[in-house]
Each structure stands twice: as C-alpha cells, then as structure tokens.
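*Asks:* Structure file work36.txt, compact mmCIF, C-alpha atoms, is pasted below:
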```
# COMPACT_ATOMS: atom_id res chain seq x y z
CA MET A 1 43.26 95.85 155.36
CA ARG A 2 41.82 92.35 155.01
CA GLY A 3 44.81 90.78 156.74
CA ALA A 4 44.77 93.40 159.48
CA PHE A 5 41.09 92.71 160.13
CA PHE A 6 41.61 88.97 160.53
CA ARG A 7 44.62 89.45 162.80
CA ALA A 8 42.52 91.60 165.10
CA LEU A 9 39.53 89.26 164.85
CA LEU A 10 41.65 86.28 165.92
CA GLU A 11 42.87 88.25 168.92
CA LEU A 12 39.29 89.10 169.86
CA ALA A 13 38.24 85.46 169.54
CA GLU A 14 41.12 84.38 171.76
CA GLN A 15 40.05 86.86 174.44
CA ASP A 16 36.28 86.40 174.25
CA GLU A 17 34.53 83.11 173.56
CA ARG A 18 31.40 84.97 172.43
CA VAL A 19 33.12 86.16 169.22
CA CYS A 20 31.85 84.26 166.16
CA LEU A 21 32.30 84.52 162.39
CA VAL A 22 29.68 83.77 159.72
CA VAL A 23 30.75 83.99 156.07
CA GLY A 24 29.05 83.76 152.70
CA ASP A 25 31.12 81.02 151.06
CA LEU A 26 34.22 83.02 150.20
CA GLY A 27 37.58 84.21 151.50
CA PHE A 28 38.89 80.77 152.38
CA GLY A 29 42.49 81.90 152.18
CA VAL A 30 41.92 84.29 155.06
CA VAL A 31 39.11 82.65 157.07
CA GLU A 32 40.69 79.17 157.33
CA GLU A 33 42.74 79.97 160.41
CA PHE A 34 39.68 81.21 162.29
CA ALA A 35 37.73 78.11 161.24
CA ARG A 36 40.59 75.84 162.30
CA ARG A 37 41.16 77.45 165.68
CA PHE A 38 37.52 78.12 166.56
CA PRO A 39 35.46 75.55 164.64
CA LYS A 40 32.43 75.84 166.94
CA ARG A 41 32.34 79.60 166.40
CA PHE A 42 32.63 79.55 162.61
CA LEU A 43 29.89 78.98 160.07
CA ASN A 44 29.84 79.12 156.27
CA ALA A 45 26.26 80.02 155.40
CA GLY A 46 26.84 79.52 151.69
CA VAL A 47 25.93 81.93 148.90
CA ALA A 48 22.91 83.07 150.90
CA GLU A 49 23.58 86.45 152.45
CA GLN A 50 20.01 86.89 153.70
CA ASN A 51 20.33 83.62 155.61
CA MET A 52 23.81 84.60 156.78
CA THR A 53 22.41 87.76 158.32
CA GLY A 54 19.42 86.02 159.90
CA ILE A 55 21.66 83.37 161.44
CA ALA A 56 23.98 86.06 162.80
CA VAL A 57 21.06 87.88 164.42
CA GLY A 58 19.82 84.71 166.09
CA MET A 59 23.28 84.03 167.47
CA ALA A 60 23.64 87.64 168.63
CA LEU A 61 20.29 87.57 170.43
CA SER A 62 21.50 84.49 172.28
CA GLY A 63 24.50 86.41 173.62
CA LYS A 64 27.14 86.08 170.89
CA ILE A 65 29.22 88.83 169.23
CA VAL A 66 28.85 87.95 165.57
CA PHE A 67 30.88 89.17 162.61
CA THR A 68 29.45 88.55 159.14
CA TYR A 69 31.91 88.76 156.24
CA SER A 70 31.59 89.01 152.49
CA ILE A 71 32.75 91.19 149.60
CA ALA A 72 31.54 94.56 148.38
CA ASN A 73 27.74 94.89 148.32
CA PHE A 74 26.88 91.28 149.15
CA PRO A 75 26.65 91.47 152.98
CA ILE A 76 24.68 94.73 152.88
CA LEU A 77 22.71 95.58 149.75
CA ARG A 78 21.80 92.03 148.81
CA CYS A 79 20.30 91.56 152.26
CA LEU A 80 19.34 95.12 153.16
CA GLU A 81 15.91 94.12 154.45
CA GLN A 82 17.48 91.68 156.90
CA VAL A 83 20.07 94.26 157.95
CA ARG A 84 17.35 96.84 158.61
CA ASN A 85 14.60 94.70 160.11
CA ASP A 86 16.63 92.01 161.86
CA VAL A 87 19.96 93.59 162.81
CA CYS A 88 19.04 97.22 163.41
CA TYR A 89 15.44 96.90 164.60
CA HIS A 90 16.48 94.36 167.21
CA ASN A 91 19.68 96.25 168.06
CA ALA A 92 21.51 92.97 167.54
CA ASN A 93 25.21 92.74 168.32
CA VAL A 94 26.15 92.00 164.70
CA LYS A 95 29.20 93.46 162.96
CA ILE A 96 28.80 93.50 159.17
CA VAL A 97 32.18 93.45 157.43
CA ALA A 98 32.47 94.23 153.72
CA VAL A 99 35.81 93.81 152.01
CA GLY A 100 36.41 95.69 148.78
CA GLY A 101 34.86 99.08 149.51
CA GLY A 102 34.66 101.61 146.71
CA LEU A 103 36.21 100.47 143.44
CA ALA A 104 38.47 97.79 144.89
CA TYR A 105 36.86 95.09 142.75
CA GLY A 106 37.03 97.40 139.75
CA SER A 107 37.51 94.81 137.04
CA LEU A 108 34.31 92.97 138.03
CA GLY A 109 32.07 95.89 137.12
CA ALA A 110 29.34 97.92 138.79
CA THR A 111 27.76 94.93 140.56
CA HIS A 112 30.94 94.68 142.66
CA HIS A 113 31.52 98.42 143.13
CA ALA A 114 30.54 99.37 146.68
CA THR A 115 29.91 103.05 146.02
CA GLU A 116 26.60 103.76 147.76
CA ASP A 117 27.08 101.71 150.92
CA LEU A 118 28.06 104.48 153.32
CA ALA A 119 24.99 106.53 152.43
CA ILE A 120 22.59 103.60 152.78
CA LEU A 121 24.03 102.17 155.99
CA ARG A 122 24.36 105.65 157.52
CA SER A 123 20.60 106.10 157.16
CA LEU A 124 19.76 103.02 159.24
CA PRO A 125 18.84 103.61 162.89
CA ARG A 126 21.34 102.28 165.47
CA MET A 127 23.95 101.45 162.83
CA VAL A 128 27.53 102.61 163.45
CA VAL A 129 29.41 103.08 160.16
CA VAL A 130 33.20 102.73 160.12
CA ALA A 131 35.65 102.92 157.20
CA PRO A 132 39.28 102.73 158.38
CA GLY A 133 41.97 104.32 156.26
CA ASP A 134 44.90 101.92 156.56
CA PRO A 135 45.87 98.62 158.25
CA VAL A 136 46.66 100.37 161.54
CA GLU A 137 43.20 101.90 161.68
CA THR A 138 41.68 98.60 160.57
CA GLU A 139 43.05 96.63 163.52
CA ALA A 140 41.92 99.34 165.92
CA ALA A 141 38.51 99.60 164.25
CA THR A 142 37.96 95.84 164.51
CA ARG A 143 38.61 95.93 168.23
CA ALA A 144 36.39 98.99 168.63
CA VAL A 145 33.36 97.59 166.81
CA GLY A 146 33.81 94.32 168.66
CA ALA A 147 33.56 96.20 171.96
CA HIS A 148 30.57 98.27 170.85
CA ALA A 149 27.23 96.82 171.92
CA GLY A 150 25.05 96.99 168.84
CA PRO A 151 25.03 96.96 165.03
CA CYS A 152 28.17 98.08 163.20
CA TYR A 153 29.24 98.25 159.58
CA LEU A 154 32.98 97.90 158.93
CA ARG A 155 34.00 98.86 155.39
CA LEU A 156 37.42 97.59 154.37
CA GLY A 157 39.64 97.97 151.34
CA ARG A 158 40.85 94.80 149.75
CA ALA A 159 44.51 93.92 150.36
CA GLY A 160 47.92 95.50 150.06
CA GLU A 161 46.99 98.99 151.24
CA ALA A 162 49.91 101.01 152.53
CA ARG A 163 50.39 101.73 156.21
CA VAL A 164 49.91 105.49 156.63
CA HIS A 165 50.25 105.83 160.40
CA SER A 166 53.83 105.28 161.51
CA GLY A 167 53.04 104.74 165.19
CA GLN A 168 50.23 104.03 167.59
CA ILE A 169 46.97 105.91 167.14
CA ASP A 170 44.22 107.01 169.49
CA PHE A 171 41.27 105.30 167.83
CA GLN A 172 37.81 106.01 169.18
CA LEU A 173 34.52 105.47 167.40
CA GLY A 174 33.13 108.86 166.43
CA LYS A 175 36.44 110.70 166.84
CA ALA A 176 38.52 111.73 163.84
CA ILE A 177 42.29 111.30 163.76
CA GLN A 178 44.20 114.45 162.83
CA VAL A 179 46.97 113.25 160.56
CA ARG A 180 48.46 116.72 160.13
CA ASP A 181 47.58 120.33 160.90
CA GLY A 182 47.28 123.34 158.64
CA LYS A 183 45.67 126.77 158.57
CA ASP A 184 44.74 127.22 154.90
CA LEU A 185 42.31 124.37 154.23
CA THR A 186 41.04 121.10 155.66
CA LEU A 187 40.83 117.80 153.84
CA ILE A 188 38.55 115.25 155.51
CA THR A 189 38.81 111.72 154.21
CA THR A 190 37.45 108.28 154.99
CA GLY A 191 38.34 104.73 154.02
CA GLY A 192 40.95 103.75 151.48
CA MET A 193 41.56 107.29 150.22
CA LEU A 194 43.74 108.13 153.23
CA GLU A 195 47.04 107.44 151.46
CA THR A 196 45.93 109.50 148.47
CA SER A 197 44.88 112.31 150.80
CA VAL A 198 48.34 112.40 152.34
CA LYS A 199 49.87 112.72 148.87
CA VAL A 200 47.43 115.50 147.97
CA ALA A 201 48.29 117.33 151.18
CA ASP A 202 52.00 116.99 150.37
CA THR A 203 51.46 118.40 146.89
CA LEU A 204 49.47 121.34 148.25
CA HIS A 205 52.14 121.97 150.87
CA HIS A 206 54.78 122.29 148.16
CA ALA A 207 52.48 124.87 146.53
CA GLY A 208 52.38 126.87 149.76
CA LEU A 209 49.03 125.65 151.09
CA GLN A 210 49.04 124.30 154.62
CA THR A 211 46.50 121.49 154.80
CA ARG A 212 44.84 120.05 157.88
CA LEU A 213 44.13 116.37 157.22
CA LEU A 214 41.49 114.49 159.17
CA SER A 215 40.95 110.75 158.89
CA MET A 216 37.20 110.47 159.53
CA HIS A 217 37.17 106.71 160.00
CA THR A 218 33.72 106.84 161.60
CA VAL A 219 31.12 108.21 159.21
CA LYS A 220 28.32 107.66 161.73
CA PRO A 221 28.47 109.09 164.33
CA VAL A 222 30.61 111.70 162.61
CA ASP A 223 33.00 113.86 164.66
CA ALA A 224 31.11 117.15 164.77
CA ASP A 225 33.69 118.87 166.97
CA ALA A 226 36.55 118.18 164.56
CA ILE A 227 34.50 119.34 161.56
CA LEU A 228 33.33 122.57 163.16
CA ALA A 229 36.84 123.33 164.40
CA ALA A 230 38.14 122.88 160.86
CA ALA A 231 35.46 125.21 159.49
CA HIS A 232 36.41 127.80 162.09
CA ASP A 233 40.19 127.50 161.77
CA THR A 234 40.69 127.12 157.99
CA ARG A 235 39.39 128.87 154.88
CA ALA A 236 37.92 125.83 153.14
CA VAL A 237 36.78 122.28 153.86
CA PHE A 238 36.93 119.41 151.38
CA THR A 239 35.70 115.84 151.84
CA LEU A 240 37.32 113.00 149.93
CA GLU A 241 35.90 109.49 149.61
CA GLU A 242 35.81 106.56 147.21
CA HIS A 243 32.03 106.69 147.32
CA SER A 244 29.22 108.60 145.66
CA VAL A 245 29.18 112.28 146.58
CA VAL A 246 25.54 111.69 147.54
CA GLY A 247 24.96 110.79 151.16
CA GLY A 248 28.33 109.51 152.31
CA LEU A 249 31.03 111.42 154.20
CA GLY A 250 30.43 114.51 152.07
CA GLY A 251 26.73 114.40 152.86
CA ALA A 252 27.37 114.01 156.58
CA VAL A 253 29.76 116.97 156.68
CA ALA A 254 27.50 119.14 154.50
CA GLU A 255 24.52 118.47 156.77
CA LEU A 256 26.51 119.43 159.83
CA LEU A 257 27.94 122.61 158.33
CA ALA A 258 24.56 123.70 156.95
CA GLU A 259 22.87 123.36 160.34
CA ALA A 260 25.70 124.69 162.50
CA GLY A 261 25.02 128.35 161.80
CA GLU A 262 28.59 129.35 162.59
CA GLY A 263 29.51 131.38 159.54
CA VAL A 264 30.29 130.41 155.98
CA VAL A 265 33.24 128.34 154.82
CA ALA A 266 34.07 127.19 151.31
CA PHE A 267 33.07 123.55 151.01
CA LYS A 268 33.27 120.90 148.30
CA ARG A 269 32.61 117.17 148.16
CA LEU A 270 35.24 115.18 146.25
CA GLY A 271 34.16 111.67 145.35
CA LEU A 272 32.41 109.62 142.70
CA PRO A 273 29.48 110.87 140.64
CA SER A 274 26.06 109.38 141.30
CA ALA A 275 26.35 107.07 138.30
CA PHE A 276 27.38 103.55 137.40
CA SER A 277 30.87 103.27 136.00
CA SER A 278 30.85 102.70 132.25
CA VAL A 279 34.41 101.33 132.32
CA VAL A 280 36.18 98.52 134.14
CA GLY A 281 39.77 98.14 135.17
CA THR A 282 42.03 98.23 138.18
CA GLN A 283 41.11 100.30 141.21
CA GLU A 284 43.87 102.79 140.40
CA TYR A 285 42.65 103.11 136.81
CA LEU A 286 39.04 103.68 137.86
CA ARG A 287 40.04 106.23 140.45
CA ALA A 288 41.86 108.19 137.78
CA GLN A 289 38.90 107.91 135.41
CA HIS A 290 36.64 109.43 138.05
CA GLY A 291 38.84 112.30 139.16
CA LEU A 292 40.33 110.66 142.24
CA SER A 293 43.99 110.74 141.22
CA VAL A 294 46.35 113.01 143.15
CA GLU A 295 46.67 115.36 140.18
CA SER A 296 42.92 115.62 139.58
CA LEU A 297 42.18 116.19 143.24
CA GLU A 298 44.81 118.91 143.55
CA THR A 299 43.34 120.65 140.51
CA ALA A 300 39.81 120.47 141.91
CA ILE A 301 40.91 121.84 145.28
CA ARG A 302 42.90 124.72 143.81
CA SER A 303 40.05 125.59 141.44
CA THR A 304 37.59 125.75 144.33
CA LEU A 305 39.95 127.94 146.35
CA ASP A 306 40.44 130.28 143.39
CA LYS A 307 36.69 130.57 142.81
CA ASN A 308 36.07 131.26 146.47
CA ARG A 309 38.82 133.89 146.53
CA THR A 310 37.27 135.61 143.52
CA LEU A 311 33.79 135.42 145.04
CA MET A 312 34.96 136.92 148.33
CA ALA A 313 36.76 139.74 146.52
CA THR A 314 33.62 140.49 144.49
CA THR A 315 31.45 140.44 147.59
CA ARG A 316 33.71 142.87 149.44
CA ALA A 317 33.77 145.17 146.42
```
Could you express the structure from this file as structure tokens?
*Replies:*
Amino acid sequence: MRGAFFRALLELAEQDERVCLVVGDLGFGVVEEFARRFPKRFLNAGVAEQNMTGIAVGMALSGKIVFTYSIANFPILRCLEQVRNDVCYHNANVKIVAVGGGLAYGSLGATHHATEDLAILRSLPRMVVVAPGDPVETEAATRAVGAHAGPCYLRLGRAGEARVHSGQIDFQLGKAIQVRDGKDLTLITTGGMLETSVKVADTLHHAGLQTRLLSMHTVKPVDADAILAAAHDTRAVFTLEEHSVVGGLGGAVAELLAEAGEGVVAFKRLGLPSAFSSVVGTQEYLRAQHGLSVESLETAIRSTLDKNRTLMATTRA
C-alpha cells in the first residue's frame, strides 16, 4: 500500500501545484522521489509530530493541499490535540497518512500497534476516515482524499499487500465496494483485512454458505445504504477489522443497525480485544494470536450462525 500511495501522490503533485508533503523524519526510501521532484513542496519536520501538524495546518490555511506522513500512531495519537484543535476545528485541508495500520509493525510492540486509531479519529468532527483494503483501493483513496476539501485520515498497511481487485473499481468516499454477493451472510471489512476476508468467504462458500463481502474502505462517513441492505438481504452481518472491536468499523455498523429500527439481524464484531498485546512478532503471527486467522474467523462466524439458529428455533417454539 505504501508504494501505491506514493505513486498516486506523485501524480497528484504533477497535476496540482498546491499538493505538498510534510514528513516526520522517516520513510526516506519512499519519500525521496517526491522531495527530488518537488523540493519546494516537501518538508521534513523532524521527530516532532506536533510541529509537523501545525506546519501543515498553516500551509493548508494559505491555500495548500497538505499530506502529513508518518508511521502507526505517530501522526495521530502523539499529536491528537493538534489534529483536533488545529486540523479539525479549522477545517484545514490536511490529509493525515499513517502507514502501518493495525499490527503491521508487530515486532516493535504495543507502542507501534495502531489499534485504536479508527475509533479515535472517527470521533473527531469534520474528519473523514479512510482505510483502503489493497493497493488498488489505496491509489484511488489517495486521489479521493486529495480532492476532498477538508481533514482526512488515510490509514495504510505497510508494504507487500496483495492486490485483491483484478480490475478497475468505482471508488467513492462513503460508498462501500461489493466484492462479491451472497444471500446467507454479509462480511464487512476495512483496511488490510480485505485479502483475509476474501479467503474466509471462499472457505464459507465451500461449506455451502454464500457470503456477501463489502469492502468498507470509508469508516466515516460509513455507507449506511450498503449496511442496511445487507441486514435486510442476509441472515447475519459480521464486521472484520485489524483494530479494537471498540469504536471502529464494528462500532459504526452496530450504531447504525441499533438505530435503524428495521428488524433484527444476527451481528458480531470480529477484531482485536480492547487490550494491549502481550506478545510481539510478525503481523501474521499476531493476527493468529488474536483470532484473525482464516481458520479462527471461520470458526467464529459458524459458531455465531449456529447460536443464532438455535436461538431462533427456541423463540419460535
């Protein structure tokens, strides 16, 4: 995703001289080309994310489209006050880009695990929250947030993520992408879990369960129409994210379903517990440790469906 983001960012900078990049003293292997080609629109603010954000706001209020870039929690949680009071309060045209969402920097421990970011950024007024699922979505998301007038948060994976979409996609902020259709259950995912979600849907299909799969790349504003249609058309809705089950995609969908008043559908949030990881390791290892492997997810989904089937039978009796 990181490479896809910078490819799209370079295209934006070529087309619009207002596009600028401010970084927090990292990522030189990927930011060097931007700095070389657009030296007057590039700034390394140093290991000073609060300053990085303040500088970006000043540039944005003078008419620039400013992307800030750092890893995991550094461009958001370390400078949350500046993001809230400077970026959002002033409706500044700043695009905050965090690389390494979820457990991507797994071996560096909890300080580098971005597992509460969607919930926190989603709560900020005026902030648009985007977590693309593969490199195709990433390039489209970069262009979309660049065109949006106002604060955006773009949550990326790290590098080497598989391309899930085989062709062009219709990417619009606030509109989910239906990856496949199904009548038995719906799996709604965001961010880097898209490839895993496809594998889970394949496994369920082989077990006779037709799964609708939605890539909810925009967590705020969330696609209410797609969610309510899924609740109406299928027997169960599951959310899947590499993020705490508190307040992220699962929270957004739960809030919508609870307030919709359009009947009852089985619903479960699949994600990380609201806890710091007590282990370190690769992203794949940590996903497995926290129940986000294909096998664990299939088991959790089938268990929920079985419980709901038993509950419905008991209720009818």
*Asks:* Pick out the closest residue to Arg180 of chain A from this set: A:Pro151, A:Leu118, A:Thr211, A:Ala266. Count all atoms listed in the file.
*Replies:*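 Among the listed residues, A:Thr211 lies closest to Arg180 of chain A.
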*Asks:* Dig up all the protein and nucleic acid residues within 7 Å of (36.1, 98.9, 146.1) in the file frame, using all atoms listed in the file, and format them as a list in words.
*Replies:* Ala72, Gly100, Gly101, Gly102, Leu103, Ala104, Tyr105, Gly106, His113, Ala114 and Gly157 of chain A
*Asks:* Which residues, written as a VMD selection string, have at least one atom at most 9 Å from segment 214-227 of chain A, with only C-alpha atoms counted and residues fewer than 5 positions away on the same chain left out?
*Replies:* chain A and resid 118 122 127 to 133 137 141 171 to 181 186 to 191 194 232 237 248 to 249 252 to 253 256 to 257
*Asks:* Check the smallest atom-to-atom distance from each of A:Glu11, A:Asp25, A:Glu32, A:Glu17 to Glu139 of chain A using all atoms listed in the file, then report the winner.
*Replies:*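 Of A:Glu11, A:Asp25, A:Glu32, A:Glu17, the one nearest Glu139 of chain A is A:Glu11, counting all atoms listed in the file.
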*Asks:* Give me the residues near Leu80 of chain A as a ChimeraX atom specification, where near means some atom within 10 Å (using only C-alpha atoms) and where sequence neighbours in that chain fewer than 3 positions away do not count.
*Replies:* /A:49-50,53,73-77,83-87,120-121,124
*Asks:* Show me, as AutoDock Vina command-line options, the centre and edge lengths in Å to one decimal of the axis-aligned box that covers every listed atom of segment 158-167 of chain A with 4 Å on each side.
*Replies:*
```
--center_x 47.3 --center_y 99.9 --center_z 157.5 --size_x 21.0 --size_y 19.9 --size_z 23.4
```
*Asks:* Counting all atoms listed in the file, write as a ChimeraX atom specification all protein and nucleic acid residues lying at most 9 Å from (26.6, 104.9, 140.1) in the file's frame.
*Replies:* /A:110,113,115-116,244,272-277
*Asks:* From the set A:Arg78, A:Gly27, A:Glu298, A:Phe5, which residue has the shortest atom-to-atom contact distance to Ala207 of chain A, counting only C-alpha atoms?
*Replies:*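 Closest candidate: A:Glu298.
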*Asks:* Could you check which of A:Ile169, A:Val279, A:Val145, A:Ala119 is closest to Val94 of chain A, using all atoms listed in the file?
*Replies:*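 Nearest candidate to Val94 of chain A out of A:Ile169, A:Val279, A:Val145, A:Ala119: A:Val145.
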